[in-house]
Structures are given as structure tokens and as C-alpha cells.
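Undergrad: Next up is a structure, given as C-alpha cells.
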Amino acid sequence: MPDIFDSTQLESEETKNNPSKEEVLTAVKEKRAKSHEKKSTRKAVEEYSEVMSEMDAETSPWAAFAAKPRWTAFSTQAPDEQILLLLRKHPLTQVSWVVLAIIIAIIPIIFSGIPFLDFLPATYHFAAILGWYMLLSGYVIESFLTWYFNVYIITDERIIDVDFLSLIYQNISAAKIDNIEDVTATKGGALRSVFDFGTVQVQTAAEKTEFEFEDVPHPSQVTKLLNELMLEEEREKIEGRVN
């Protein structure tokens, strides 16, 4: 008996395998609507974080402890990802290079009365002093940029460690909040206790297993915030509010 093909069924199969443009657009809209619905179920961070609810948004770009910084963004930041905390090393840790720079700056003044360059022409004296202060300027700029761009970022989704090693090289590591396994804060010595700064160590199940926020201000508050975020991630999973 010859095979009989149902043309209607064949057309239906072709339509299923090759959806029209309108069907594709409808599917995309439905997917976006579902994604928006899931996002809308997320709580504002102030609702579950005592640390964030007690802090105002930081407006200074120089702060070492910046809660909800309005001026900060990064290249891999998701559209709905909120930066909760930006950390740098405590300014007190930068005193050593500042003092060294001041000493280097006044050395030519101290030795100005000693004729150890008298054998050189006057123009060479000026060139030597200019070169001295150019090297000093380079040292100061590099030290400042290293402090300014070595940052630790905590968002409502992940933690990010930016290691600024030079003007042409930096290393960025990140881990999701739900990958954090343990958080420990350490303050060693009288100076760190008086000025309230220390190191926060974060153990994760991510590719980078350990994050170290070195010499950051208010380490106990950083630890508390991370614990609050971890608890909220667990609630989202239990209540089915995970994106």
C-alpha cells in the first residue's frame, strides 16, 4: 500500500520547526515579562540588611568605606545589580609612602648648602633637581593610583576583588554570594583596634576559593553585611525568588 502523507500535519511540523517572526517576538516578550516578574519579587536591600538600612549613600569618590556609592559602576555590572559597598585600604595604611614622599621632597632643600654638585654647570644643577622631582611625582602618582584602584566591591549578587598592579595590568576576581561558605574578620594590634580597620577573609566555593579584603575600615560591619546577604540568598531559594 502506498504511503499517504497528511499535508496539514506536514505544514504544522514546518511551522513548529520554523516559527514566524511574530511568534519569536511574542516568546521574547513573555520571557522578559517573566524575568521582570521574578526581579520584582526581590526585596530592597534595606528591608533585610541592618547595615545598609543605617547608612546613607556615599557621595565622595575618595572614601575608603563607601556604602551605596552613587558614582561607582563597573564593566560587568548587570542592569539590576546594585553596588552595596565599595572598600579600599584604610587611609592610615598609606601614611608610610606619604611620609617617604615628603622626606624625598625636602632632601634637595636640606643638601642645597652642600656643594656636592658644584663641579657641574648651573644648567645641569637644574636638570638634576627637575629629574629628582619628576621621579618623586611618578612615585606619588603610582602609589596613589594603587590605593585608589585596588578596591573590593560587594553587590547584592556577588563580591568582586580588583587588584590594580600597574597602569597596564589589573586582575579582577568575583564570586556569587551563594558561593560564600565562611566569612572571618581579623583586627590585630592596637592601631587597628583604635582606628577600626582590619582584614576580612571570605572562603568560597567559586574558582577563587579565598578572597581577602585587606586592611579595610569597619571589618565587623563588612562581615555582618555579607552574612545578611547570605541569609537573604537562602530565603530566596526557599521562597522560590531566585532569578
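How things are named: the first chain in the C-alpha cells is A, the next is B, and so on; residues count from 1 in each chain; ligands count from 1 in the order shown.
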Skipping near chain neighbours, those fewer than 3 positions away, what residues fall within 12 Å of Val140 (chain A) using only C-alpha atoms, listed as a list in words?

TA: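 Contacts, with the query itself left out: Gln94, Val95, Ser96, Trp97, Val98, Val99, Leu100, Ala101, Ile102, Ile104, Ala105, Tyr133, Met134, Leu135, Leu136, Ser137, Ser143, Phe144, Leu145, Thr146 and Trp147 of chain A.
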
Undergrad: If we count only C-alpha atoms, what is near Val202 (chain A) at a cut-off of 12 Å, once residues fewer than 3 positions away on the same chain are taken out, given as JSON, numbers by chain?

TA: {"A": [152, 154, 158, 159, 160, 161, 174, 175, 176, 177, 179, 180, 181, 182, 183, 184, 185, 186, 199, 205, 206, 208, 209, 210, 211, 212, 213, 214, 219, 222, 223, 226, 227, 230]}

Undergrad: Write down as a compact mmCIF listing (two decimals) with N, CA, C and O atoms, in the first residue's frame the residues belonging to region 27-106 of chain A that are assigned strand (DSSP E) by DSSP computed on the backbone.

TA:
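Ended up saving to selection.txt:
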```
# COMPACT_ATOMS: atom_id res chain seq x y z
N PHE A 65 35.43 53.61 52.74
CA PHE A 65 34.26 52.80 53.11
C PHE A 65 33.04 53.53 52.55
O PHE A 65 32.52 54.46 53.15
N ALA A 66 32.62 53.12 51.34
CA ALA A 66 31.55 53.82 50.63
C ALA A 66 30.32 52.93 50.51
O ALA A 66 30.32 51.96 49.73
N ALA A 67 29.30 53.23 51.27
CA ALA A 67 28.04 52.48 51.21
C ALA A 67 27.16 53.05 50.11
O ALA A 67 27.00 54.27 49.99
N ILE A 83 25.35 48.06 43.63
CA ILE A 83 26.57 48.09 44.43
C ILE A 83 26.21 48.54 45.84
O ILE A 83 25.67 49.62 46.05
N LEU A 84 26.49 47.69 46.81
CA LEU A 84 26.15 47.99 48.20
C LEU A 84 27.31 48.63 48.95
O LEU A 84 27.10 49.53 49.78
N LEU A 85 28.51 48.17 48.67
CA LEU A 85 29.66 48.64 49.45
C LEU A 85 30.92 48.60 48.58
O LEU A 85 31.18 47.60 47.91
N LEU A 86 31.66 49.70 48.62
CA LEU A 86 32.96 49.75 47.96
C LEU A 86 34.01 50.03 49.03
O LEU A 86 33.86 50.94 49.84
N LEU A 87 35.06 49.21 49.03
CA LEU A 87 36.08 49.29 50.08
C LEU A 87 37.46 49.50 49.48
O LEU A 87 37.79 48.97 48.42
```

Undergrad: What are the DSSP helix (DSSP H, G or I) residues of region 61-176 of chain A, as number ranges by chain?

TA: A: 91-113, 122-149

Undergrad: Could you state the separation of CA of Val200 (chain A) and CA of Asn150 (chain A) in Å, given to one decimal place?

TA: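 A separation of 15.0 Å between them.
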